[in-house]
Every structure is written in structure tokens, then in C-alpha cells.
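S.K.: Data: entry.txt, compact mmCIF, N, CA and C atoms.
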# COMPACT_ATOMS: atom_id res chain seq x y z
N ILE M 1 -6.37 -10.31 -3.62
CA ILE M 1 -5.52 -9.17 -3.94
C ILE M 1 -4.62 -9.48 -5.14
N ALA M 2 -4.13 -10.70 -5.19
CA ALA M 2 -3.23 -11.09 -6.28
C ALA M 2 -3.92 -10.96 -7.64
N LYS M 3 -5.25 -10.99 -7.65
CA LYS M 3 -6.01 -10.94 -8.92
C LYS M 3 -6.41 -9.51 -9.29
N LEU M 4 -6.06 -8.54 -8.47
CA LEU M 4 -6.45 -7.16 -8.75
C LEU M 4 -5.92 -6.69 -10.10
N ASP M 5 -6.74 -5.96 -10.81
CA ASP M 5 -6.34 -5.39 -12.09
C ASP M 5 -5.72 -4.02 -11.83
N VAL M 6 -4.38 -3.98 -11.74
CA VAL M 6 -3.69 -2.73 -11.46
C VAL M 6 -2.64 -2.45 -12.52
N VAL M 7 -2.37 -1.16 -12.73
CA VAL M 7 -1.36 -0.74 -13.70
C VAL M 7 -0.45 0.30 -13.06
N ASP M 8 0.76 0.41 -13.63
CA ASP M 8 1.70 1.42 -13.14
C ASP M 8 1.49 2.71 -13.94
N GLN M 9 2.35 3.68 -13.70
CA GLN M 9 2.17 4.99 -14.34
C GLN M 9 2.32 4.95 -15.85
N ASP M 10 2.90 3.87 -16.38
CA ASP M 10 3.04 3.73 -17.83
C ASP M 10 1.96 2.81 -18.42
N THR M 11 0.92 2.57 -17.62
CA THR M 11 -0.21 1.68 -17.95
C THR M 11 0.20 0.22 -18.16
N ASN M 12 1.37 -0.16 -17.66
CA ASN M 12 1.76 -1.56 -17.72
C ASN M 12 1.05 -2.31 -16.61
N LYS M 13 0.51 -3.48 -16.95
CA LYS M 13 -0.14 -4.31 -15.93
C LYS M 13 0.90 -4.70 -14.88
N TYR M 14 0.49 -4.69 -13.62
CA TYR M 14 1.39 -5.08 -12.53
C TYR M 14 0.85 -6.35 -11.89
N ASP M 15 1.72 -7.35 -11.79
CA ASP M 15 1.30 -8.64 -11.24
C ASP M 15 1.69 -8.73 -9.77
N ILE M 16 0.71 -8.53 -8.88
CA ILE M 16 0.97 -8.57 -7.45
C ILE M 16 1.46 -9.97 -7.04
N ALA M 17 0.98 -10.99 -7.71
CA ALA M 17 1.39 -12.36 -7.39
C ALA M 17 2.90 -12.56 -7.60
N SER M 18 3.51 -11.70 -8.41
CA SER M 18 4.96 -11.83 -8.66
C SER M 18 5.77 -11.50 -7.41
N LEU M 19 5.14 -10.93 -6.40
CA LEU M 19 5.84 -10.57 -5.16
C LEU M 19 5.90 -11.73 -4.17
N LYS M 20 5.38 -12.88 -4.57
CA LYS M 20 5.42 -14.05 -3.69
C LYS M 20 6.87 -14.28 -3.25
N GLY M 21 7.06 -14.56 -1.97
CA GLY M 21 8.41 -14.69 -1.45
C GLY M 21 8.85 -13.45 -0.69
N LYS M 22 8.07 -12.37 -0.85
CA LYS M 22 8.36 -11.13 -0.14
C LYS M 22 7.21 -10.78 0.79
N LYS M 23 7.52 -10.00 1.83
CA LYS M 23 6.47 -9.46 2.69
C LYS M 23 5.97 -8.20 1.99
N VAL M 24 4.64 -8.03 1.99
CA VAL M 24 4.06 -6.93 1.22
C VAL M 24 3.01 -6.18 2.05
N ILE M 25 3.11 -4.87 2.02
CA ILE M 25 2.06 -4.01 2.59
C ILE M 25 1.35 -3.38 1.40
N VAL M 26 0.04 -3.59 1.32
CA VAL M 26 -0.76 -2.98 0.26
C VAL M 26 -1.62 -1.91 0.90
N SER M 27 -1.38 -0.66 0.51
CA SER M 27 -2.13 0.45 1.08
C SER M 27 -3.00 1.08 -0.01
N PHE M 28 -4.31 1.00 0.17
CA PHE M 28 -5.24 1.65 -0.77
C PHE M 28 -5.44 3.08 -0.28
N TYR M 29 -5.16 4.04 -1.15
CA TYR M 29 -5.17 5.45 -0.74
C TYR M 29 -5.79 6.34 -1.81
N ALA M 30 -6.02 7.59 -1.43
CA ALA M 30 -6.35 8.64 -2.41
C ALA M 30 -5.59 9.89 -1.97
N SER M 31 -5.21 10.69 -2.93
CA SER M 31 -4.38 11.87 -2.64
C SER M 31 -5.13 12.94 -1.84
N TRP M 32 -6.46 12.82 -1.78
CA TRP M 32 -7.28 13.80 -1.05
C TRP M 32 -7.66 13.32 0.36
N CYS M 33 -7.23 12.13 0.75
CA CYS M 33 -7.68 11.50 1.99
C CYS M 33 -6.66 11.73 3.12
N PRO M 34 -7.02 12.54 4.14
CA PRO M 34 -6.06 12.88 5.21
C PRO M 34 -5.49 11.66 5.94
N GLY M 35 -6.32 10.67 6.25
CA GLY M 35 -5.83 9.47 6.94
C GLY M 35 -4.85 8.69 6.08
N CYS M 36 -5.12 8.66 4.78
CA CYS M 36 -4.23 7.97 3.83
C CYS M 36 -2.87 8.65 3.80
N LEU M 37 -2.90 9.97 3.70
CA LEU M 37 -1.65 10.73 3.62
C LEU M 37 -0.82 10.54 4.87
N GLU M 38 -1.48 10.53 6.03
CA GLU M 38 -0.79 10.35 7.30
C GLU M 38 -0.17 8.95 7.37
N GLU M 39 -0.93 7.95 6.94
CA GLU M 39 -0.42 6.58 6.99
C GLU M 39 0.78 6.39 6.06
N LEU M 40 0.70 6.91 4.84
CA LEU M 40 1.82 6.79 3.90
C LEU M 40 3.05 7.52 4.44
N LYS M 41 2.80 8.66 5.10
CA LYS M 41 3.90 9.43 5.68
C LYS M 41 4.60 8.64 6.79
N THR M 42 3.82 7.98 7.67
CA THR M 42 4.44 7.20 8.75
C THR M 42 5.15 5.97 8.19
N LEU M 43 4.57 5.36 7.15
CA LEU M 43 5.24 4.23 6.50
C LEU M 43 6.58 4.67 5.90
N ASN M 44 6.56 5.81 5.25
CA ASN M 44 7.78 6.33 4.63
C ASN M 44 8.86 6.59 5.69
N ALA M 45 8.45 7.11 6.84
CA ALA M 45 9.39 7.48 7.90
C ALA M 45 10.16 6.26 8.43
N ILE M 46 9.54 5.08 8.39
CA ILE M 46 10.20 3.89 8.94
C ILE M 46 10.62 2.88 7.87
N LYS M 47 10.29 3.14 6.62
CA LYS M 47 10.50 2.15 5.55
C LYS M 47 11.95 1.65 5.50
N ASN M 48 12.91 2.54 5.42
CA ASN M 48 14.29 2.11 5.21
C ASN M 48 14.90 1.43 6.44
N GLN M 49 14.56 1.90 7.64
CA GLN M 49 15.14 1.31 8.85
C GLN M 49 14.41 0.04 9.26
N LYS M 50 13.08 0.10 9.35
CA LYS M 50 12.33 -0.99 9.98
C LYS M 50 11.57 -1.89 9.02
N LEU M 51 11.45 -1.48 7.77
CA LEU M 51 10.71 -2.28 6.79
C LEU M 51 11.52 -2.49 5.51
N ALA M 52 12.83 -2.58 5.68
CA ALA M 52 13.72 -2.68 4.52
C ALA M 52 13.42 -3.92 3.68
N ASP M 53 12.93 -5.00 4.33
CA ASP M 53 12.67 -6.26 3.61
C ASP M 53 11.22 -6.39 3.17
N THR M 54 10.49 -5.27 3.18
CA THR M 54 9.06 -5.30 2.89
C THR M 54 8.75 -4.40 1.70
N GLU M 55 7.95 -4.94 0.77
CA GLU M 55 7.50 -4.14 -0.38
C GLU M 55 6.26 -3.36 0.03
N VAL M 56 6.18 -2.10 -0.36
CA VAL M 56 4.99 -1.31 -0.09
C VAL M 56 4.34 -0.95 -1.43
N LEU M 57 3.09 -1.39 -1.62
CA LEU M 57 2.32 -1.03 -2.80
C LEU M 57 1.30 0.02 -2.39
N ALA M 58 1.36 1.18 -3.01
CA ALA M 58 0.38 2.23 -2.76
C ALA M 58 -0.56 2.25 -3.96
N ILE M 59 -1.82 1.86 -3.71
CA ILE M 59 -2.77 1.70 -4.82
C ILE M 59 -3.91 2.70 -4.68
N THR M 60 -4.18 3.42 -5.75
CA THR M 60 -5.25 4.41 -5.77
C THR M 60 -6.27 4.04 -6.84
N ASP M 61 -7.41 4.73 -6.83
CA ASP M 61 -8.33 4.56 -7.97
C ASP M 61 -8.43 5.88 -8.73
N GLU M 62 -7.48 6.76 -8.46
CA GLU M 62 -7.45 8.04 -9.16
C GLU M 62 -6.75 7.87 -10.52
N SER M 63 -6.76 8.91 -11.31
CA SER M 63 -6.18 8.85 -12.65
C SER M 63 -4.67 8.67 -12.58
N ILE M 64 -4.09 8.21 -13.67
CA ILE M 64 -2.64 8.05 -13.75
C ILE M 64 -1.95 9.41 -13.57
N GLU M 65 -2.56 10.47 -14.10
CA GLU M 65 -1.99 11.82 -13.94
C GLU M 65 -1.88 12.17 -12.45
N LYS M 66 -2.95 11.92 -11.71
CA LYS M 66 -2.94 12.19 -10.26
C LYS M 66 -1.90 11.33 -9.55
N LEU M 67 -1.82 10.06 -9.95
CA LEU M 67 -0.84 9.15 -9.35
C LEU M 67 0.57 9.68 -9.55
N VAL M 68 0.90 10.07 -10.77
CA VAL M 68 2.24 10.57 -11.10
C VAL M 68 2.54 11.85 -10.32
N GLU M 69 1.57 12.74 -10.27
CA GLU M 69 1.74 14.01 -9.56
C GLU M 69 2.02 13.75 -8.07
N PHE M 70 1.25 12.85 -7.48
CA PHE M 70 1.41 12.52 -6.06
C PHE M 70 2.76 11.83 -5.81
N LYS M 71 3.08 10.87 -6.65
CA LYS M 71 4.34 10.11 -6.53
C LYS M 71 5.54 11.05 -6.63
N ASN M 72 5.52 11.95 -7.61
CA ASN M 72 6.64 12.87 -7.81
C ASN M 72 6.77 13.86 -6.67
N LYS M 73 5.64 14.28 -6.13
CA LYS M 73 5.64 15.25 -5.03
C LYS M 73 6.20 14.62 -3.75
N LYS M 74 5.79 13.39 -3.47
CA LYS M 74 6.14 12.74 -2.20
C LYS M 74 7.50 12.04 -2.23
N GLN M 75 7.87 11.48 -3.37
CA GLN M 75 9.15 10.77 -3.49
C GLN M 75 9.30 9.62 -2.48
N TYR M 76 8.21 8.91 -2.21
CA TYR M 76 8.26 7.78 -1.28
C TYR M 76 8.82 6.54 -2.00
N PRO M 77 9.53 5.66 -1.27
CA PRO M 77 10.11 4.47 -1.90
C PRO M 77 9.10 3.33 -2.02
N PHE M 78 7.95 3.62 -2.60
CA PHE M 78 6.88 2.64 -2.74
C PHE M 78 6.64 2.38 -4.22
N THR M 79 5.92 1.32 -4.51
CA THR M 79 5.44 1.07 -5.87
C THR M 79 4.04 1.66 -5.95
N PHE M 80 3.87 2.67 -6.80
CA PHE M 80 2.58 3.33 -6.95
C PHE M 80 1.82 2.74 -8.13
N LEU M 81 0.56 2.35 -7.86
CA LEU M 81 -0.27 1.71 -8.87
C LEU M 81 -1.68 2.30 -8.82
N THR M 82 -2.43 2.08 -9.89
CA THR M 82 -3.83 2.47 -9.90
C THR M 82 -4.66 1.29 -10.39
N ILE M 83 -5.87 1.16 -9.83
CA ILE M 83 -6.74 0.08 -10.30
C ILE M 83 -7.47 0.57 -11.54
N THR M 84 -7.86 -0.37 -12.38
CA THR M 84 -8.63 -0.01 -13.57
C THR M 84 -10.10 -0.09 -13.18
N GLY M 85 -10.58 0.97 -12.59
CA GLY M 85 -11.95 1.02 -12.09
C GLY M 85 -11.99 1.89 -10.84
N GLN M 86 -13.02 1.71 -10.04
CA GLN M 86 -13.16 2.49 -8.83
C GLN M 86 -13.16 1.56 -7.62
N PHE M 87 -12.75 2.08 -6.46
CA PHE M 87 -12.67 1.26 -5.25
C PHE M 87 -13.96 0.49 -4.92
N PRO M 88 -15.15 1.13 -4.99
CA PRO M 88 -16.37 0.38 -4.63
C PRO M 88 -16.56 -0.89 -5.46
N GLU M 89 -16.05 -0.89 -6.70
CA GLU M 89 -16.19 -2.06 -7.57
C GLU M 89 -15.40 -3.26 -7.04
N ILE M 90 -14.39 -3.00 -6.18
CA ILE M 90 -13.62 -4.11 -5.60
C ILE M 90 -13.90 -4.25 -4.10
N GLY M 91 -15.00 -3.65 -3.67
CA GLY M 91 -15.43 -3.82 -2.29
C GLY M 91 -14.79 -2.88 -1.29
N ILE M 92 -14.13 -1.84 -1.76
CA ILE M 92 -13.53 -0.86 -0.85
C ILE M 92 -14.41 0.38 -0.84
N ASN M 93 -15.01 0.64 0.33
CA ASN M 93 -15.93 1.77 0.46
C ASN M 93 -15.43 2.84 1.40
N SER M 94 -14.29 2.59 2.04
CA SER M 94 -13.71 3.54 2.97
C SER M 94 -12.20 3.38 2.90
N ILE M 95 -11.46 4.49 2.92
CA ILE M 95 -10.00 4.42 2.87
C ILE M 95 -9.41 5.24 4.00
N PRO M 96 -8.18 5.02 4.43
CA PRO M 96 -7.26 4.02 3.90
C PRO M 96 -7.67 2.60 4.27
N VAL M 97 -7.30 1.67 3.40
CA VAL M 97 -7.45 0.24 3.68
C VAL M 97 -6.06 -0.37 3.47
N THR M 98 -5.65 -1.20 4.42
CA THR M 98 -4.33 -1.82 4.36
C THR M 98 -4.46 -3.33 4.42
N TYR M 99 -3.74 -4.00 3.55
CA TYR M 99 -3.65 -5.46 3.57
C TYR M 99 -2.19 -5.83 3.75
N LEU M 100 -1.95 -6.86 4.55
CA LEU M 100 -0.59 -7.38 4.71
C LEU M 100 -0.54 -8.78 4.11
N LEU M 101 0.50 -9.03 3.33
CA LEU M 101 0.69 -10.35 2.71
C LEU M 101 1.97 -10.96 3.24
N ASN M 102 1.92 -12.25 3.57
CA ASN M 102 3.13 -12.94 3.99
C ASN M 102 3.90 -13.41 2.76
N THR M 103 5.00 -14.08 2.99
CA THR M 103 5.86 -14.49 1.87
C THR M 103 5.20 -15.53 0.96
N LYS M 104 4.12 -16.16 1.44
CA LYS M 104 3.39 -17.11 0.59
C LYS M 104 2.34 -16.40 -0.27
N GLY M 105 2.25 -15.08 -0.11
CA GLY M 105 1.27 -14.31 -0.86
C GLY M 105 -0.12 -14.36 -0.25
N GLU M 106 -0.21 -14.83 1.01
CA GLU M 106 -1.50 -14.93 1.69
C GLU M 106 -1.79 -13.64 2.47
N ILE M 107 -3.07 -13.25 2.47
CA ILE M 107 -3.47 -12.09 3.27
C ILE M 107 -3.49 -12.53 4.73
N VAL M 108 -2.67 -11.87 5.56
CA VAL M 108 -2.60 -12.25 6.97
C VAL M 108 -3.25 -11.20 7.87
N TYR M 109 -3.64 -10.06 7.26
CA TYR M 109 -4.23 -8.98 8.06
C TYR M 109 -4.85 -7.98 7.10
N ASN M 110 -5.99 -7.41 7.50
CA ASN M 110 -6.48 -6.25 6.76
C ASN M 110 -7.14 -5.30 7.74
N ASN M 111 -7.10 -4.02 7.41
CA ASN M 111 -7.56 -2.99 8.31
C ASN M 111 -8.15 -1.84 7.52
N VAL M 112 -9.31 -1.37 7.96
CA VAL M 112 -9.90 -0.16 7.40
C VAL M 112 -9.59 0.97 8.37
N GLY M 113 -8.98 2.03 7.88
CA GLY M 113 -8.65 3.16 8.74
C GLY M 113 -7.14 3.28 8.92
N PHE M 114 -6.76 4.35 9.55
CA PHE M 114 -5.36 4.72 9.75
C PHE M 114 -4.64 3.74 10.67
N ILE M 115 -3.44 3.32 10.29
CA ILE M 115 -2.56 2.52 11.14
C ILE M 115 -1.36 3.39 11.49
N ASP M 116 -1.06 3.48 12.78
CA ASP M 116 0.11 4.26 13.20
C ASP M 116 1.34 3.37 13.18
N TRP M 117 2.03 3.35 12.02
CA TRP M 117 3.20 2.51 11.84
C TRP M 117 4.37 2.96 12.70
N SER M 118 4.32 4.19 13.22
CA SER M 118 5.42 4.67 14.05
C SER M 118 5.34 4.14 15.48
N ASP M 119 4.20 3.51 15.82
CA ASP M 119 4.05 2.90 17.14
C ASP M 119 4.77 1.55 17.14
N ASP M 120 5.78 1.40 17.98
CA ASP M 120 6.62 0.19 17.94
C ASP M 120 5.85 -1.10 18.19
N SER M 121 4.90 -1.09 19.12
CA SER M 121 4.16 -2.33 19.40
C SER M 121 3.28 -2.71 18.22
N THR M 122 2.67 -1.71 17.57
CA THR M 122 1.87 -1.96 16.36
C THR M 122 2.76 -2.52 15.26
N LEU M 123 3.88 -1.88 15.05
CA LEU M 123 4.82 -2.31 14.01
C LEU M 123 5.29 -3.74 14.25
N GLU M 124 5.65 -4.03 15.49
CA GLU M 124 6.12 -5.37 15.84
C GLU M 124 5.05 -6.42 15.58
N HIS M 125 3.83 -6.11 16.00
CA HIS M 125 2.71 -7.03 15.80
C HIS M 125 2.47 -7.29 14.31
N LEU M 126 2.40 -6.22 13.53
CA LEU M 126 2.07 -6.37 12.11
C LEU M 126 3.21 -7.05 11.34
N THR M 127 4.45 -6.73 11.65
CA THR M 127 5.55 -7.40 10.94
C THR M 127 5.62 -8.87 11.32
N SER M 128 5.26 -9.20 12.56
CA SER M 128 5.27 -10.62 12.95
C SER M 128 4.21 -11.40 12.17
N LEU M 129 3.08 -10.78 11.87
CA LEU M 129 2.05 -11.44 11.08
C LEU M 129 2.57 -11.78 9.68
N MET M 130 3.36 -10.87 9.10
CA MET M 130 3.87 -11.10 7.76
C MET M 130 4.93 -12.18 7.74
N ASN M 131 5.50 -12.52 8.90
CA ASN M 131 6.52 -13.58 8.97
C ASN M 131 5.91 -14.97 9.03
N GLU M 132 4.58 -15.04 9.20
CA GLU M 132 3.93 -16.35 9.34
C GLU M 132 3.95 -17.13 8.04
Take the structure in the file and give it back as C-alpha cells.

M.R.:
Amino acid sequence: IAKLDVVDQDTNKYDIASLKGKKVIVSFYASWCPGCLEELKTLNAIKNQKLADTEVLAITDESIEKLVEFKNKKQYPFTFLTITGQFPEIGINSIPVTYLLNTKGEIVYNNVGFIDWSDDSTLEHLTSLMNE
């Protein structure tokens, strides 16, 4: 994940490896994907209270225009990025896909499909993985 070629809305390269030392949730999404929208919505609902010490990267393979439109509409406190290419080129064939990184920048969990972040036992389990 640290090697992913991603850019922000101003086409500046974003270095995921620079987040080492932080807990990171990487959510691969598309603005047309119902499961993705639901997952981002539940993440947003708990971000400030329960995930204040965690960075959330929302990564799409849609155009920068779509990314900006979605970001502005939702106003979520996440870092929105787009990959330079399409999801299948990086091995993602179904979304949402979520990766969790611990403070060492290691992938400690990945999941294809919707995660209900509002479920306390799920949240507790996943945040404990990022503390490893």
C-alpha cells in the first residue's frame, strides 16, 4: 500500500509511507458504490469521537473531478485521493476494500466488502489490530 501511486485533488503525489507512526484506515471506494457510501458514512459518524487518533484515506479510481465533487458534497474529515490507473490494475476487483495499517506502516487487516464501523465490538477489534 505504501507504494501505491496516488494523487490528491491538485494532482500532487501523496506518500502513504509518510503516515508511519499513525494508525491508518485505507478505504478504496467509488462514488457510485452503495456499500462504499455506507461504510464512509459510518466511518464519518464515529471519526471524531472514536477514531480521533486515526487517519482515514479514501481512495478512488475515479477522475479528480468526481473526487472533488464527492469530497465537497460529503465534507468528511478524510484525506481523499485517486490512484493513477484503475482498481483492477492494483488487484482490486470488488469494492469497498479496506486496509488497516498499524503505526509501523504494516498492513494488519484487509477486508473486501462493507464493514459496520458503528458496531462497537467490530470497532474495538479493528482498532486493537492497529495498536499492534

S.K.: Name the residues in contact with Gly113 (chain M) at a cut-off of 6.5 Å, using all atoms listed in the file, excluding same-chain residues fewer than 5 positions from it; report them as a PyMOL selection string.

M.R.: chain M and resi 94-98

S.K.: Taking into account all atoms listed in the file, which residue in the set M:Asn72, M:Ser31, M:Asp61, M:Ser118 is nearest to Ile46 (chain M)?

M.R.: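 Ranked by minimum distance to Ile46 (chain M), first place goes to M:Ser118.
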
S.K.: I need every residue sitting at most 12 Å from the point (10.6, 5.3, -2.8) (coordinates as in the file, only C-alpha atoms considered), written as a list in words.

M.R.: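 All residues meeting the 12 Å criterion around (10.6, 5.3, -2.8) are Leu40, Lys41, Leu43, Asn44, Ala45, Ile46, Lys47, Asn48, Ala52, Glu55, Val56, Leu57, Ala58, Lys71, Asn72, Lys73, Lys74, Gln75, Tyr76, Pro77, Phe78, Thr79 and Phe80 of chain M.
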
S.K.: Please, could you write that set of residues out with N, CA and C atoms as a compact mmCIF listing (two decimals), in the coordinates of the input?

M.R.:
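Listing of result_17.txt after writing:
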# COMPACT_ATOMS: atom_id res chain seq x y z
N LEU M 40 0.70 6.91 4.84
CA LEU M 40 1.82 6.79 3.90
C LEU M 40 3.05 7.52 4.44
N LYS M 41 2.80 8.66 5.10
CA LYS M 41 3.90 9.43 5.68
C LYS M 41 4.60 8.64 6.79
N LEU M 43 4.57 5.36 7.15
CA LEU M 43 5.24 4.23 6.50
C LEU M 43 6.58 4.67 5.90
N ASN M 44 6.56 5.81 5.25
CA ASN M 44 7.78 6.33 4.63
C ASN M 44 8.86 6.59 5.69
N ALA M 45 8.45 7.11 6.84
CA ALA M 45 9.39 7.48 7.90
C ALA M 45 10.16 6.26 8.43
N ILE M 46 9.54 5.08 8.39
CA ILE M 46 10.20 3.89 8.94
C ILE M 46 10.62 2.88 7.87
N LYS M 47 10.29 3.14 6.62
CA LYS M 47 10.50 2.15 5.55
C LYS M 47 11.95 1.65 5.50
N ASN M 48 12.91 2.54 5.42
CA ASN M 48 14.29 2.11 5.21
C ASN M 48 14.90 1.43 6.44
N ALA M 52 12.83 -2.58 5.68
CA ALA M 52 13.72 -2.68 4.52
C ALA M 52 13.42 -3.92 3.68
N GLU M 55 7.95 -4.94 0.77
CA GLU M 55 7.50 -4.14 -0.38
C GLU M 55 6.26 -3.36 0.03
N VAL M 56 6.18 -2.10 -0.36
CA VAL M 56 4.99 -1.31 -0.09
C VAL M 56 4.34 -0.95 -1.43
N LEU M 57 3.09 -1.39 -1.62
CA LEU M 57 2.32 -1.03 -2.80
C LEU M 57 1.30 0.02 -2.39
N ALA M 58 1.36 1.18 -3.01
CA ALA M 58 0.38 2.23 -2.76
C ALA M 58 -0.56 2.25 -3.96
N LYS M 71 3.08 10.87 -6.65
CA LYS M 71 4.34 10.11 -6.53
C LYS M 71 5.54 11.05 -6.63
N ASN M 72 5.52 11.95 -7.61
CA ASN M 72 6.64 12.87 -7.81
C ASN M 72 6.77 13.86 -6.67
N LYS M 73 5.64 14.28 -6.13
CA LYS M 73 5.64 15.25 -5.03
C LYS M 73 6.20 14.62 -3.75
N LYS M 74 5.79 13.39 -3.47
CA LYS M 74 6.14 12.74 -2.20
C LYS M 74 7.50 12.04 -2.23
N GLN M 75 7.87 11.48 -3.37
CA GLN M 75 9.15 10.77 -3.49
C GLN M 75 9.30 9.62 -2.48
N TYR M 76 8.21 8.91 -2.21
CA TYR M 76 8.26 7.78 -1.28
C TYR M 76 8.82 6.54 -2.00
N PRO M 77 9.53 5.66 -1.27
CA PRO M 77 10.11 4.47 -1.90
C PRO M 77 9.10 3.33 -2.02
N PHE M 78 7.95 3.62 -2.60
CA PHE M 78 6.88 2.64 -2.74
C PHE M 78 6.64 2.38 -4.22
N THR M 79 5.92 1.32 -4.51
CA THR M 79 5.44 1.07 -5.87
C THR M 79 4.04 1.66 -5.95
N PHE M 80 3.87 2.67 -6.80
CA PHE M 80 2.58 3.33 -6.95
C PHE M 80 1.82 2.74 -8.13

S.K.: Any chance you could list, as a PyMOL selection string, the residues in region 60-129 of chain M that come up strand (DSSP E or B) when DSSP is run on the backbone?

M.R.: chain M and resi 60+79-83+97-101+107-112

S.K.: Quick one: of M:Asn131, M:Ser121, M:Gln49, M:Thr103, who's nearest to Gly21 (chain M), counting only C-alpha atoms?

M.R.: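 Distance minimum relative to Gly21 (chain M) lands on M:Thr103.
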
S.K.: Counting all atoms listed in the file, which residues come within 6 Å of (-2.8, -6.2, 1.2), with the point read in the file's coordinates, and could you list them as a short mmCIF file (atom, residue, chain, number, x, y, z; two decimals) with N, CA and C atoms, in the frame of the given file?

M.R.:
data_model
loop_
_atom_site.label_atom_id
_atom_site.label_comp_id
_atom_site.auth_asym_id
_atom_site.auth_seq_id
_atom_site.Cartn_x
_atom_site.Cartn_y
_atom_site.Cartn_z
N VAL M 24 4.64 -8.03 1.99
CA VAL M 24 4.06 -6.93 1.22
C VAL M 24 3.01 -6.18 2.05
N ILE M 25 3.11 -4.87 2.02
CA ILE M 25 2.06 -4.01 2.59
C ILE M 25 1.35 -3.38 1.40
N VAL M 26 0.04 -3.59 1.32
CA VAL M 26 -0.76 -2.98 0.26
C VAL M 26 -1.62 -1.91 0.90
N SER M 27 -1.38 -0.66 0.51
CA SER M 27 -2.13 0.45 1.08
C SER M 27 -3.00 1.08 -0.01
N THR M 98 -5.65 -1.20 4.42
CA THR M 98 -4.33 -1.82 4.36
C THR M 98 -4.46 -3.33 4.42
N TYR M 99 -3.74 -4.00 3.55
CA TYR M 99 -3.65 -5.46 3.57
C TYR M 99 -2.19 -5.83 3.75
N LEU M 100 -1.95 -6.86 4.55
CA LEU M 100 -0.59 -7.38 4.71
C LEU M 100 -0.54 -8.78 4.11
N LEU M 101 0.50 -9.03 3.33
CA LEU M 101 0.69 -10.35 2.71
C LEU M 101 1.97 -10.96 3.24
#

S.K.: For Lys3 (chain M), please output as JSON, numbers by chain all residues within 10 Å (counting only C-alpha atoms; exclusion window: fewer than 4 positions along the same chain).

M.R.: {"M": [15, 16, 17]}

S.K.: How many Å separate CA of Gly91 (chain M) from CA of Asp116 (chain M)?

M.R.: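 CA of Asp116 (chain M) lies at a distance of 23.4 Å from CA of Gly91 (chain M).
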
S.K.: Just how far from atom C of Asp120 (chain M) is atom N of Thr42 (chain M), in Å to one decimal?

M.R.: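 Distance between the two atoms: 14.0 Å.
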
S.K.: What's the separation between CA of Thr11 (chain M) and CA of Pro88 (chain M), in Å to one decimal place?

M.R.: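 Between these atoms lies a distance of 21.0 Å.
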
S.K.: Residues near Thr60 (chain M), anyone? I mean within 6 Å using only C-alpha atoms, not counting same-chain ones fewer than 2 positions away, as a ChimeraX atom specification.

M.R.: /M:28-30,62,82

S.K.: Identify which of the residues M:Phe114, M:Tyr109, M:Phe87, M:Tyr14 lies closest to Cys36 (chain M), counting all atoms listed in the file when measuring atom-to-atom distances.

M.R.: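 For Cys36 (chain M), the nearest of the candidates is M:Phe114.
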
S.K.: Find the residues around Gly105 (chain M) up to 6.5 Å (all atoms listed in the file counted), leave out those fewer than 6 positions away in its own chain, and share them as a list in words.

M.R.: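 Listing them by chain and then by number gives Leu19, Lys20, Gly21 and Lys22 of chain M.
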
S.K.: Let me know the centre plus edge lengths, in Å and rounded to one decimal, of a box with edges along x, y and z that contains all listed atoms of region 58-69 of chain M and is padded by 6 Å on every side, as AutoDock Vina command-line options.

M.R.:
--center_x -2.9 --center_y 7.6 --center_z -8.4 --size_x 23.0 --size_y 24.8 --size_z 23.3

S.K.: Output region 46-55 of chain M with N, CA, C and O atoms present, as a tab-separated table (two decimals), in the coordinates of the input.

M.R.:
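Output saved as result.tsv:
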chain	number	residue	atom	x	y	z
M	46	ILE	N	9.54	5.08	8.39
M	46	ILE	CA	10.20	3.89	8.94
M	46	ILE	C	10.62	2.88	7.87
M	46	ILE	O	11.26	1.88	8.19
M	47	LYS	N	10.29	3.14	6.62
M	47	LYS	CA	10.50	2.15	5.55
M	47	LYS	C	11.95	1.65	5.50
M	47	LYS	O	12.19	0.46	5.55
M	48	ASN	N	12.91	2.54	5.42
M	48	ASN	CA	14.29	2.11	5.21
M	48	ASN	C	14.90	1.43	6.44
M	48	ASN	O	15.66	0.48	6.31
M	49	GLN	N	14.56	1.90	7.64
M	49	GLN	CA	15.14	1.31	8.85
M	49	GLN	C	14.41	0.04	9.26
M	49	GLN	O	15.04	-0.98	9.52
M	50	LYS	N	13.08	0.10	9.35
M	50	LYS	CA	12.33	-0.99	9.98
M	50	LYS	C	11.57	-1.89	9.02
M	50	LYS	O	11.08	-2.94	9.41
M	51	LEU	N	11.45	-1.48	7.77
M	51	LEU	CA	10.71	-2.28	6.79
M	51	LEU	C	11.52	-2.49	5.51
M	51	LEU	O	10.98	-2.57	4.42
M	52	ALA	N	12.83	-2.58	5.68
M	52	ALA	CA	13.72	-2.68	4.52
M	52	ALA	C	13.42	-3.92	3.68
M	52	ALA	O	13.60	-3.92	2.46
M	53	ASP	N	12.93	-5.00	4.33
M	53	ASP	CA	12.67	-6.26	3.61
M	53	ASP	C	11.22	-6.39	3.17
M	53	ASP	O	10.75	-7.47	2.84
M	54	THR	N	10.49	-5.27	3.18
M	54	THR	CA	9.06	-5.30	2.89
M	54	THR	C	8.75	-4.40	1.70
M	54	THR	O	9.22	-3.27	1.62
M	55	GLU	N	7.95	-4.94	0.77
M	55	GLU	CA	7.50	-4.14	-0.38
M	55	GLU	C	6.26	-3.36	0.03
M	55	GLU	O	5.38	-3.91	0.69
